[in-house]
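A.B. asks: Next comes the structure file model.cif, holding mmCIF, C-alpha atoms and all ligand atoms.
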data_my_file
loop_
_atom_site.label_atom_id
_atom_site.label_comp_id
_atom_site.auth_asym_id
_atom_site.auth_seq_id
_atom_site.Cartn_x
_atom_site.Cartn_y
_atom_site.Cartn_z
CA MET A 195 0.00 0.00 0.00
CA ALA A 196 1.33 3.45 -0.89
CA LEU A 197 1.73 5.40 2.32
CA PHE A 198 3.10 8.93 2.70
CA ASP A 199 2.67 9.98 -0.97
CA ASP A 200 0.68 13.04 -2.16
CA ALA A 201 -2.63 11.15 -2.21
CA TYR A 202 -2.00 10.04 1.37
CA ALA A 203 -1.18 13.61 2.42
CA ALA A 204 -4.42 14.85 0.83
CA ASP A 205 -6.51 12.18 2.57
CA PRO A 206 -4.72 9.63 4.74
CA HIS A 207 -7.90 8.17 6.20
CA PRO A 208 -8.84 5.54 3.56
CA ALA A 209 -5.36 3.95 3.77
CA LEU A 210 -5.30 4.19 7.57
CA ALA A 211 -8.79 2.67 7.85
CA GLU A 212 -7.64 -0.28 5.79
CA LEU A 213 -4.60 -0.81 8.00
CA ARG A 214 -6.60 -0.40 11.21
CA GLN A 215 -9.12 -2.95 10.00
CA ALA A 216 -6.31 -5.41 9.19
CA GLY A 217 -4.71 -5.23 12.65
CA PRO A 218 -3.23 -3.07 15.40
CA ALA A 219 0.43 -2.98 14.24
CA HIS A 220 1.98 -2.94 10.77
CA ARG A 221 5.51 -2.99 9.47
CA VAL A 222 5.78 -0.12 6.98
CA ILE A 223 8.56 1.78 5.21
CA SER A 224 8.91 5.53 5.72
CA ALA A 225 9.31 7.92 2.78
CA ALA A 226 13.02 8.03 3.72
CA GLY A 227 13.18 4.23 3.28
CA VAL A 228 13.38 3.37 6.99
CA PRO A 229 11.30 0.40 8.20
CA PHE A 230 9.20 0.87 11.32
CA TRP A 231 6.02 -0.37 12.98
CA MET A 232 2.90 1.77 12.86
CA ILE A 233 0.18 1.37 15.49
CA THR A 234 -3.31 2.05 14.17
CA ARG A 235 -5.72 1.06 16.98
CA TRP A 236 -6.65 2.99 20.12
CA ASP A 237 -6.24 0.27 22.75
CA GLU A 238 -2.84 -0.83 21.50
CA ALA A 239 -1.70 2.80 21.18
CA ARG A 240 -2.43 3.36 24.87
CA GLN A 241 -0.70 0.09 25.70
CA VAL A 242 2.46 1.12 23.80
CA LEU A 243 2.51 4.68 25.19
CA ALA A 244 2.19 3.37 28.75
CA ASP A 245 4.82 0.62 28.31
CA SER A 246 8.08 1.69 29.98
CA SER A 247 10.03 -0.99 28.12
CA LEU A 248 9.90 1.16 24.97
CA SER A 249 12.72 3.71 24.85
CA LYS A 250 12.75 7.25 23.49
CA ARG A 251 16.54 7.47 23.38
CA GLN A 252 17.92 8.05 19.89
CA PRO A 253 21.57 8.01 18.89
CA VAL A 254 22.89 11.58 18.51
CA ASP A 255 26.54 10.77 17.71
CA GLN A 256 25.92 11.46 13.99
CA LEU A 257 25.13 15.09 14.79
CA PRO A 258 27.68 17.92 14.72
CA PRO A 259 29.06 18.64 18.22
CA GLN A 260 27.39 22.05 18.51
CA LEU A 261 23.98 20.33 18.29
CA ARG A 262 24.71 17.11 20.14
CA SER A 263 24.61 18.49 23.65
CA ALA A 264 21.41 20.49 23.10
CA LEU A 265 19.58 17.56 21.50
CA ALA A 266 20.89 14.84 23.79
CA THR A 267 19.40 16.64 26.78
CA GLN A 268 15.91 17.15 25.36
CA MET A 269 13.28 15.47 27.46
CA LEU A 270 11.44 14.07 24.47
CA LEU A 271 14.57 12.05 23.72
CA ARG A 272 15.14 10.77 27.28
CA ASP A 273 13.71 7.94 29.37
CA PRO A 274 12.99 7.95 33.10
CA PRO A 275 14.68 8.72 35.45
CA ASP A 276 16.45 11.43 33.33
CA HIS A 277 13.15 12.37 31.74
CA THR A 278 11.41 12.57 35.13
CA ARG A 279 14.05 14.95 36.45
CA LEU A 280 13.93 17.23 33.39
CA ARG A 281 10.16 17.26 33.27
CA ARG A 282 9.94 18.13 36.96
CA LEU A 283 12.36 21.03 36.69
CA ILE A 284 10.84 22.36 33.48
CA SER A 285 7.27 22.07 34.79
CA ALA A 286 8.32 24.18 37.78
CA ALA A 287 9.07 27.03 35.35
CA PHE A 288 6.53 26.38 32.57
CA THR A 289 3.56 26.62 34.92
CA PRO A 290 -0.18 26.97 34.18
CA ARG A 291 0.12 30.52 35.52
CA ARG A 292 2.83 31.39 33.02
CA THR A 293 0.68 29.99 30.21
CA GLN A 294 -2.39 31.87 31.37
CA ALA A 295 -0.38 35.11 31.60
CA LEU A 296 0.19 34.89 27.84
CA ALA A 297 -3.54 35.30 27.10
CA PRO A 298 -3.61 39.12 26.67
CA GLY A 299 -0.59 38.92 24.35
CA ILE A 300 -2.22 36.14 22.32
CA GLU A 301 -5.38 38.23 21.99
CA ARG A 302 -3.38 41.24 20.83
CA ILE A 303 -1.39 39.29 18.23
CA THR A 304 -4.56 37.53 17.04
CA ASP A 305 -6.40 40.80 16.50
CA ARG A 306 -3.48 42.34 14.63
CA LEU A 307 -3.18 39.32 12.29
CA LEU A 308 -6.95 39.17 11.75
CA GLY A 309 -6.91 42.84 10.75
CA GLU A 310 -4.04 42.25 8.32
CA LEU A 311 -5.90 39.33 6.70
CA ALA A 312 -8.63 41.73 5.56
CA THR A 313 -6.16 43.79 3.53
CA VAL A 314 -6.02 41.11 0.78
CA PRO A 315 -9.03 39.82 -1.18
CA GLU A 316 -8.42 36.08 -0.70
CA PRO A 317 -5.86 35.75 2.10
CA ASP A 318 -4.00 32.54 2.93
CA LEU A 319 -5.02 31.63 6.46
CA ILE A 320 -1.90 29.51 6.98
CA SER A 321 0.85 32.02 6.13
CA GLY A 322 -1.20 35.02 7.32
CA PHE A 323 -2.50 33.66 10.61
CA ALA A 324 -2.01 30.00 11.60
CA VAL A 325 1.81 30.06 11.33
CA PRO A 326 2.72 33.58 12.58
CA LEU A 327 0.49 33.38 15.67
CA PRO A 328 2.21 30.43 17.41
CA PHE A 329 5.60 31.78 16.33
CA ALA A 330 4.94 35.12 18.00
CA VAL A 331 3.59 33.35 21.09
CA ILE A 332 6.70 31.18 21.46
CA CYS A 333 8.88 34.28 21.09
CA GLU A 334 6.86 36.00 23.85
CA LEU A 335 7.03 32.92 26.04
CA LEU A 336 10.79 32.50 25.70
CA GLY A 337 11.50 36.22 25.89
CA ILE A 338 13.06 36.76 22.46
CA PRO A 339 13.35 40.55 21.98
CA ALA A 340 11.19 41.90 19.14
CA ALA A 341 14.21 43.31 17.30
CA GLU A 342 15.84 39.85 17.13
CA ARG A 343 12.87 37.94 15.75
CA GLY A 344 13.65 38.49 12.05
CA PRO A 345 16.64 36.14 11.70
CA PHE A 346 15.12 33.82 14.27
CA HIS A 347 12.04 33.54 12.09
CA ALA A 348 14.13 32.71 9.03
CA TRP A 349 16.00 29.91 10.84
CA SER A 350 12.92 28.44 12.42
CA ASN A 351 11.15 28.41 9.04
CA VAL A 352 13.90 26.18 7.68
CA ILE A 353 13.40 23.74 10.54
CA ILE A 354 9.68 23.83 10.79
CA ILE A 355 7.98 24.70 7.55
CA GLY A 356 8.83 23.34 4.13
CA ASP A 357 10.97 20.56 2.77
CA SER A 358 14.44 21.66 3.80
CA SER A 359 17.47 19.48 3.16
CA ALA A 360 19.15 17.78 6.11
CA ALA A 361 22.16 20.09 5.71
CA ASP A 362 19.96 23.20 5.83
CA MET A 363 18.17 21.85 8.90
CA VAL A 364 21.44 21.22 10.74
CA GLY A 365 22.68 24.67 9.68
CA ALA A 366 19.55 26.43 10.94
CA MET A 367 19.50 24.45 14.18
CA SER A 368 23.13 25.31 14.82
CA GLU A 369 22.33 29.02 14.30
CA ILE A 370 19.41 28.79 16.72
CA VAL A 371 21.45 26.94 19.34
CA ALA A 372 24.21 29.60 19.06
CA TYR A 373 21.59 32.34 19.35
CA PHE A 374 20.00 30.73 22.42
CA ARG A 375 23.40 30.37 24.11
CA ASP A 376 24.02 34.06 23.62
CA LEU A 377 20.51 35.01 24.74
CA LEU A 378 20.89 32.83 27.82
CA ALA A 379 24.03 34.70 28.85
CA ARG A 380 22.10 37.95 28.56
CA LYS A 381 19.12 36.58 30.55
CA ARG A 382 21.50 35.42 33.24
CA ALA A 383 23.01 38.92 33.48
CA GLN A 384 19.60 40.56 33.32
CA PRO A 385 16.72 38.21 34.20
CA ALA A 386 13.27 39.13 32.89
CA ASP A 387 9.77 37.77 33.39
CA ASP A 388 10.06 35.10 30.70
CA LEU A 389 10.45 31.34 30.48
CA LEU A 390 14.18 31.36 29.67
CA SER A 391 14.93 33.41 32.79
CA ALA A 392 12.64 31.14 34.81
CA LEU A 393 14.35 27.99 33.48
CA LEU A 394 17.73 29.43 34.50
CA ALA A 395 16.44 30.25 37.96
CA VAL A 396 14.55 27.07 38.78
CA VAL A 397 15.95 25.04 41.64
CA ASP A 398 14.31 21.88 42.88
CA ASP A 399 15.69 20.00 45.84
CA GLY A 400 19.12 21.49 45.20
CA ASP A 401 18.97 20.41 41.55
CA ARG A 402 18.93 22.81 38.57
CA LEU A 403 19.07 22.79 34.78
CA THR A 404 22.39 23.14 32.98
CA ASP A 405 22.78 25.66 30.15
CA ASP A 406 22.69 22.81 27.61
CA GLU A 407 19.44 21.59 29.10
CA VAL A 408 17.86 25.06 28.91
CA VAL A 409 19.01 25.47 25.29
CA GLY A 410 17.70 22.00 24.43
CA MET A 411 14.38 22.84 26.01
CA ALA A 412 14.07 26.14 24.16
CA LEU A 413 14.73 24.37 20.87
CA LEU A 414 12.23 21.64 21.74
CA LEU A 415 9.52 24.19 22.55
CA LEU A 416 10.05 25.89 19.24
CA VAL A 417 9.97 22.66 17.25
CA ALA A 418 7.18 20.95 19.21
CA GLY A 419 4.93 23.96 19.62
CA HIS A 420 5.03 25.83 16.34
CA GLU A 421 3.89 23.74 13.40
CA THR A 422 1.60 21.58 15.56
CA THR A 423 -0.34 24.61 16.78
CA ALA A 424 -0.38 26.12 13.28
CA ASN A 425 -1.88 22.86 11.99
CA LEU A 426 -4.49 22.87 14.72
CA ILE A 427 -5.65 26.38 13.79
CA GLY A 428 -5.58 25.65 10.04
CA ASN A 429 -7.34 22.29 10.39
CA ALA A 430 -9.98 23.85 12.63
CA VAL A 431 -10.85 26.59 10.13
CA TYR A 432 -10.92 24.00 7.35
CA LEU A 433 -13.29 21.72 9.29
CA LEU A 434 -15.54 24.61 10.34
CA CYS A 435 -15.89 25.55 6.67
CA ARG A 436 -16.76 21.94 5.82
CA TRP A 437 -19.24 21.48 8.69
CA PRO A 438 -21.39 24.64 8.64
CA ASP A 439 -23.97 23.21 11.06
CA GLN A 440 -21.29 22.72 13.72
CA ARG A 441 -19.87 26.18 13.03
CA LYS A 442 -23.34 27.66 13.53
CA ARG A 443 -23.54 25.95 16.90
CA VAL A 444 -20.28 27.58 18.03
CA LEU A 445 -21.47 30.95 16.72
CA ASP A 446 -24.72 30.58 18.65
CA ASP A 447 -22.95 29.38 21.80
CA PRO A 448 -19.28 30.40 22.17
CA GLY A 449 -19.21 28.18 25.27
CA LEU A 450 -18.79 25.31 22.78
CA LEU A 451 -15.36 26.57 21.64
CA PRO A 452 -13.37 24.23 23.91
CA ALA A 453 -15.43 21.23 22.72
CA MET A 454 -14.84 22.31 19.14
CA VAL A 455 -11.07 22.51 19.65
CA GLU A 456 -11.04 19.01 21.20
CA GLU A 457 -13.12 17.57 18.36
CA VAL A 458 -10.76 19.10 15.78
CA LEU A 459 -7.78 17.60 17.65
CA ARG A 460 -9.49 14.22 17.33
CA MET A 461 -10.77 14.48 13.75
CA ALA A 462 -7.72 16.16 12.18
CA SER A 463 -4.89 15.49 14.62
CA PRO A 464 -2.22 18.17 13.97
CA ALA A 465 0.61 15.78 14.87
CA ALA A 466 -0.15 12.88 12.54
CA THR A 467 2.00 10.55 14.61
CA THR A 468 3.91 10.47 17.86
CA THR A 469 7.68 10.53 17.72
CA TYR A 470 9.62 7.24 17.45
CA ARG A 471 10.07 4.78 20.26
CA VAL A 472 12.31 1.71 20.18
CA THR A 473 11.36 -1.69 21.58
CA THR A 474 13.92 -3.03 24.05
CA ARG A 475 12.18 -6.41 24.29
CA PRO A 476 9.52 -8.13 22.15
CA ILE A 477 6.00 -6.73 22.70
CA THR A 478 2.76 -8.43 21.74
CA LEU A 479 -0.13 -6.39 20.38
CA GLY A 480 -3.16 -8.53 19.53
CA GLU A 481 -1.85 -11.26 17.25
CA THR A 482 1.31 -9.39 16.32
CA THR A 483 4.64 -9.54 18.13
CA ILE A 484 7.11 -6.74 17.49
CA PRO A 485 10.69 -7.94 18.09
CA ALA A 486 13.21 -6.07 20.25
CA GLY A 487 15.19 -3.25 18.62
CA GLU A 488 12.41 -2.04 16.28
CA GLN A 489 11.18 1.52 15.80
CA VAL A 490 7.52 2.15 16.61
CA LEU A 491 5.23 5.11 15.82
CA ILE A 492 1.62 5.64 16.81
CA SER A 493 -0.58 6.96 13.99
CA LEU A 494 -2.60 9.50 15.97
CA LEU A 495 -4.72 10.12 12.86
CA ALA A 496 -5.69 6.45 12.80
CA VAL A 497 -6.27 5.86 16.51
CA ASN A 498 -8.32 9.03 16.96
CA ARG A 499 -10.80 7.67 14.42
CA ASP A 500 -10.85 4.09 15.66
CA PRO A 501 -14.48 2.89 15.30
CA GLU A 502 -13.97 0.60 18.30
CA ARG A 503 -13.48 3.75 20.38
CA TYR A 504 -15.76 6.32 18.69
CA ALA A 505 -19.28 6.06 17.31
CA ASP A 506 -19.35 7.55 13.82
CA PRO A 507 -15.65 8.49 13.97
CA ASP A 508 -15.59 10.43 10.67
CA THR A 509 -18.24 12.91 11.84
CA LEU A 510 -17.38 16.23 13.50
CA ASP A 511 -19.69 16.19 16.51
CA LEU A 512 -19.35 18.75 19.29
CA ASP A 513 -21.70 16.78 21.52
CA ARG A 514 -19.94 13.44 21.54
CA SER A 515 -20.30 11.57 24.77
CA ASP A 516 -17.28 9.45 23.76
CA GLY A 517 -14.98 12.49 23.48
CA GLY A 518 -11.31 12.57 24.38
CA HIS A 519 -8.40 11.79 22.07
CA LEU A 520 -4.72 10.93 21.95
CA ALA A 521 -3.72 13.99 19.89
CA PHE A 522 -1.36 15.16 22.66
CA GLY A 523 0.00 11.66 23.30
CA HIS A 524 -0.32 9.68 26.51
CA GLY A 525 1.90 8.60 29.39
CA VAL A 526 5.06 10.27 30.67
CA HIS A 527 5.72 12.21 27.45
CA PHE A 528 2.17 13.65 27.30
CA CYS A 529 2.43 17.05 25.60
CA LEU A 530 3.82 19.62 28.00
CA GLY A 531 2.41 22.45 25.89
CA ALA A 532 -1.18 21.16 25.67
CA PRO A 533 -2.60 23.94 27.89
CA LEU A 534 -0.85 26.58 25.76
CA ALA A 535 -2.00 24.98 22.49
CA ARG A 536 -5.58 24.89 23.77
CA LEU A 537 -5.43 28.48 24.96
CA GLU A 538 -4.06 29.70 21.63
CA ALA A 539 -6.58 27.75 19.59
CA ARG A 540 -9.55 28.91 21.65
CA ILE A 541 -8.52 32.57 21.44
CA ALA A 542 -7.59 32.36 17.74
CA LEU A 543 -10.77 30.60 16.65
CA GLY A 544 -13.11 32.48 18.96
CA ARG A 545 -11.88 35.85 17.72
CA LEU A 546 -11.74 34.75 14.09
CA LEU A 547 -15.36 33.54 14.15
CA ASN A 548 -16.46 36.61 16.02
CA ARG A 549 -14.91 38.94 13.46
CA TYR A 550 -15.52 36.88 10.31
CA PRO A 551 -18.50 34.59 11.06
CA ASP A 552 -19.00 33.84 7.34
CA VAL A 553 -15.40 32.79 6.61
CA GLN A 554 -15.33 30.35 3.68
CA LEU A 555 -12.90 28.35 1.58
CA ALA A 556 -11.93 30.34 -1.52
CA VAL A 557 -11.24 27.16 -3.55
CA PRO A 558 -12.96 23.74 -3.70
CA PRO A 559 -11.60 21.41 -0.98
CA GLN A 560 -10.08 19.02 -3.52
CA GLU A 561 -7.81 21.82 -4.76
CA LEU A 562 -6.22 22.37 -1.35
CA HIS A 563 -2.63 21.22 -0.80
CA TRP A 564 -1.81 19.31 2.35
CA ARG A 565 1.74 19.15 3.60
CA THR A 566 3.52 15.96 2.71
CA GLY A 567 5.68 14.23 5.30
CA MET A 568 4.73 11.65 7.79
CA LEU A 569 4.70 13.40 11.16
CA MET A 570 2.46 16.38 10.57
CA HIS A 571 -1.08 16.79 9.29
CA GLY A 572 -1.84 20.27 8.04
CA LEU A 573 -2.53 22.43 5.02
CA ALA A 574 0.30 24.03 3.05
CA ALA A 575 -2.08 26.90 2.22
CA LEU A 576 -5.73 27.70 2.95
CA PRO A 577 -7.13 30.46 0.71
CA ILE A 578 -10.22 31.90 2.34
CA ARG A 579 -12.92 34.53 1.81
CA LEU A 580 -13.58 36.43 4.97
CA ARG A 581 -17.08 37.53 3.99
CA SER A 582 -19.71 35.81 1.85
C1 LIG A 601 -1.90 21.41 18.81
C2 LIG A 601 -0.66 21.54 19.20
C3 LIG A 601 0.19 20.41 19.72
C4 LIG A 601 0.09 19.06 19.49
C5 LIG A 601 -0.93 18.32 18.65
C6 LIG A 601 1.17 18.43 20.25
C7 LIG A 601 1.40 17.07 20.29
C8 LIG A 601 2.33 16.45 21.08
C9 LIG A 601 2.50 15.02 21.21
C10 LIG A 601 1.68 13.97 20.46
C11 LIG A 601 3.52 14.80 22.08
C12 LIG A 601 4.05 13.43 22.53
C13 LIG A 601 5.03 12.85 21.55
C14 LIG A 601 5.43 11.44 21.87
O1 LIG A 601 5.03 10.88 22.91
O2 LIG A 601 6.16 10.86 21.04
C15 LIG A 601 4.01 16.10 22.50
C16 LIG A 601 5.06 16.29 23.40
C17 LIG A 601 5.54 17.53 23.71
N1 LIG A 601 5.01 18.76 23.35
FE1 LIG A 601 3.38 19.08 22.24
N2 LIG A 601 1.89 19.41 20.88
C18 LIG A 601 1.32 20.63 20.60
C19 LIG A 601 1.72 21.87 21.06
C20 LIG A 601 2.78 22.07 21.89
C21 LIG A 601 3.20 23.36 22.40
C22 LIG A 601 2.48 24.68 22.12
C23 LIG A 601 4.32 23.15 23.15
C24 LIG A 601 5.16 24.13 23.92
C25 LIG A 601 5.22 25.39 23.75
C26 LIG A 601 4.59 21.72 23.14
C27 LIG A 601 5.63 21.11 23.80
C28 LIG A 601 5.80 19.74 23.91
C29 LIG A 601 6.89 19.13 24.66
C30 LIG A 601 7.96 19.87 25.42
C31 LIG A 601 6.73 17.74 24.54
C32 LIG A 601 7.64 16.66 25.15
C33 LIG A 601 7.11 16.25 26.50
C34 LIG A 601 7.93 15.14 27.14
O3 LIG A 601 8.80 14.53 26.50
O4 LIG A 601 7.69 14.87 28.34
N3 LIG A 601 3.64 21.10 22.37
N4 LIG A 601 3.26 17.09 21.89
#
Step by step, read the file and then write its structure as structure tokens.
Ligand code: HEM
C.D. replies:
Amino acid sequence: MALFDDAYAADPHPALAELRQAGPAHRVISAAGVPFWMITRWDEARQVLADSSLSKRQPVDQLPPQLRSALATQMLLRDPPDHTRLRRLISAAFTPRRTQALAPGIERITDRLLGELATVPEPDLISGFAVPLPFAVICELLGIPAAERGPFHAWSNVIIIGDSSAADMVGAMSEIVAYFRDLLARKRAQPADDLLSALLAVVDDGDRLTDDEVVGMALLLLVAGHETTANLIGNAVYLLCRWPDQRKRVLDDPGLLPAMVEEVLRMASPAATTTYRVTTRPITLGETTIPAGEQVLISLLAVNRDPERYADPDTLDLDRSDGGHLAFGHGVHFCLGAPLARLEARIALGRLLNRYPDVQLAVPPQELHWRTGMLMHGLAALPIRLRS
């Protein structure tokens, strides 16, 4: 079966439904030619994500030295107890209060971008709104000065958006790591009310983060929080245009916004898959046994539409009694930024619908281009009409 080609990017669900029907785990080949196991059913996905025998550690010795230390210390690439320590220290700085404090800034950026959208006849929601909003929010969160965001934006675009070569990615990451090291020195000399300063200051039981760990974390936040949130906003606007009855319900009752965001996370999961895990011993899922030493990915797109878990899984339904999803993962690596992603999406979509309640697709859905690549699920562009 052809996976991860353009047809799959445009609509992965027929192929995923076939796989899910056939069994919970499948050996497939990535677009880069690497074999791995893909999990397509809900129950087995939870089983794998809760199984501490699977490891997140990936070899980093192929990477240039300037990147190795920042990547090797990232919590998404560590197992307990290292992961537990990092997550505890980082959670002490990246608190719900810090997230909530970003709300006025998110509202301000949202309103500015929404105003700018109206200056073009058929704006692209992705490049004009869904991508710049999370970028600006991450810059605010980390405390990147406004005057330094230009080059930072260019580097992060290479990493996050588009089909950059491996050499370009490594180049851009090295620039960002060098920039963060310099910024960190300045934050240490002059702490501010931002996450980088808080990460430098956090002390737990006499333990603290090293500079490499703070840099690794900053890079992880940028990579993990930017395109995913952009996809969530883009996918939500797309689905609201395709399901006008559900959009009307949100317009009539803005209290349904959180339910709408959760249902979009389920129906059009912005991270198409989790990151890789490696089996350290054989694991049995249904009738299939995956040997030790194999790479495993959960298809979040597949499991979030598992008919064994959801009635009518292909329907956007704000009233589902069987709600909930695995779009933010499960277990010890559950998304650390989920509260921020939810906050951003609720503000972005609430204000967009309030200002442009008749927003519509400017082209037929079959003409839209979805990003290719295995890990993300989002539109490359979404031309819209703001008023009917
Ligand atoms: C809609 C937006 C988002 C989605 C769908 C999403 C999805 C995910 C998923 C599926 C994982 C687990 C990966 C795995 O287990 O292999 C994860 C982890 C993570 N996410 Fe998110 N994410 C989003 C937004 C964000 C934001 C805004 C941030 C931070 C600013 C963030 C930071 C992280 C971090 C740090 C981890 C690693 C946690 C750990 O290893 O303990 N994410 N995310």
A.B. asks: Please compute the atom CA of Val325 of chain A-atom CA of Asp447 of chain A distance, one decimal, in Å.
C.D. replies: 26.9 Å
A.B. asks: Step by step, measure atom-to-atom distances between ligand LIG 601 (chain A) and each residue using all atoms listed in the file, keep those at most 7 Å, then write them as a PDB file with C-alpha atoms, in the frame of the given file.
C.D. replies:
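Here's the written file out21.pdb:
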ATOM      1  CA  MET A 269      13.280  15.470  27.460  1.00  0.00           C
ATOM      2  CA  LEU A 270      11.440  14.070  24.470  1.00  0.00           C
ATOM      3  CA  LEU A 271      14.570  12.050  23.720  1.00  0.00           C
ATOM      4  CA  HIS A 277      13.150  12.370  31.740  1.00  0.00           C
ATOM      5  CA  ARG A 281      10.160  17.260  33.270  1.00  0.00           C
ATOM      6  CA  ILE A 332       6.700  31.180  21.460  1.00  0.00           C
ATOM      7  CA  LEU A 414      12.230  21.640  21.740  1.00  0.00           C
ATOM      8  CA  LEU A 415       9.520  24.190  22.550  1.00  0.00           C
ATOM      9  CA  LEU A 416      10.050  25.890  19.240  1.00  0.00           C
ATOM     10  CA  ALA A 418       7.180  20.950  19.210  1.00  0.00           C
ATOM     11  CA  GLY A 419       4.930  23.960  19.620  1.00  0.00           C
ATOM     12  CA  HIS A 420       5.030  25.830  16.340  1.00  0.00           C
ATOM     13  CA  THR A 422       1.600  21.580  15.560  1.00  0.00           C
ATOM     14  CA  THR A 423      -0.340  24.610  16.780  1.00  0.00           C
ATOM     15  CA  ASN A 425      -1.880  22.860  11.990  1.00  0.00           C
ATOM     16  CA  LEU A 426      -4.490  22.870  14.720  1.00  0.00           C
ATOM     17  CA  LEU A 459      -7.780  17.600  17.650  1.00  0.00           C
ATOM     18  CA  SER A 463      -4.890  15.490  14.620  1.00  0.00           C
ATOM     19  CA  PRO A 464      -2.220  18.170  13.970  1.00  0.00           C
ATOM     20  CA  ALA A 465       0.610  15.780  14.870  1.00  0.00           C
ATOM     21  CA  THR A 467       2.000  10.550  14.610  1.00  0.00           C
ATOM     22  CA  THR A 468       3.910  10.470  17.860  1.00  0.00           C
ATOM     23  CA  THR A 469       7.680  10.530  17.720  1.00  0.00           C
ATOM     24  CA  TYR A 470       9.620   7.240  17.450  1.00  0.00           C
ATOM     25  CA  ALA A 521      -3.720  13.990  19.890  1.00  0.00           C
ATOM     26  CA  PHE A 522      -1.360  15.160  22.660  1.00  0.00           C
ATOM     27  CA  GLY A 523       0.000  11.660  23.300  1.00  0.00           C
ATOM     28  CA  HIS A 524      -0.320   9.680  26.510  1.00  0.00           C
ATOM     29  CA  VAL A 526       5.060  10.270  30.670  1.00  0.00           C
ATOM     30  CA  HIS A 527       5.720  12.210  27.450  1.00  0.00           C
ATOM     31  CA  PHE A 528       2.170  13.650  27.300  1.00  0.00           C
ATOM     32  CA  CYS A 529       2.430  17.050  25.600  1.00  0.00           C
ATOM     33  CA  LEU A 530       3.820  19.620  28.000  1.00  0.00           C
ATOM     34  CA  GLY A 531       2.410  22.450  25.890  1.00  0.00           C
ATOM     35  CA  ALA A 532      -1.180  21.160  25.670  1.00  0.00           C
ATOM     36  CA  LEU A 534      -0.850  26.580  25.760  1.00  0.00           C
ATOM     37  CA  ALA A 535      -2.000  24.980  22.490  1.00  0.00           C
TER      38      ALA A 535
END
A.B. asks: So the first atom is atom CA of Thr289 of chain A and the second is atom CA of Val455 of chain A; what is the distance between them in Å, to one decimal place?
C.D. replies: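 Those two atoms sit 21.5 Å apart.
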A.B. asks: Can you work out the spacing between atom CA of Gln440 of chain A and atom CA of Leu296 of chain A in Å, to one decimal?
C.D. replies: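 One can read the atom CA of Gln440 of chain A to atom CA of Leu296 of chain A distance as 28.4 Å.
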A.B. asks: From the list A:Ile370, A:Leu336, A:Ala424, A:Ile484, which residue is nearest Ala392 of chain A when using all atoms listed in the file?
C.D. replies: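 Answer, going by the shortest atom-to-atom distance: A:Leu336.
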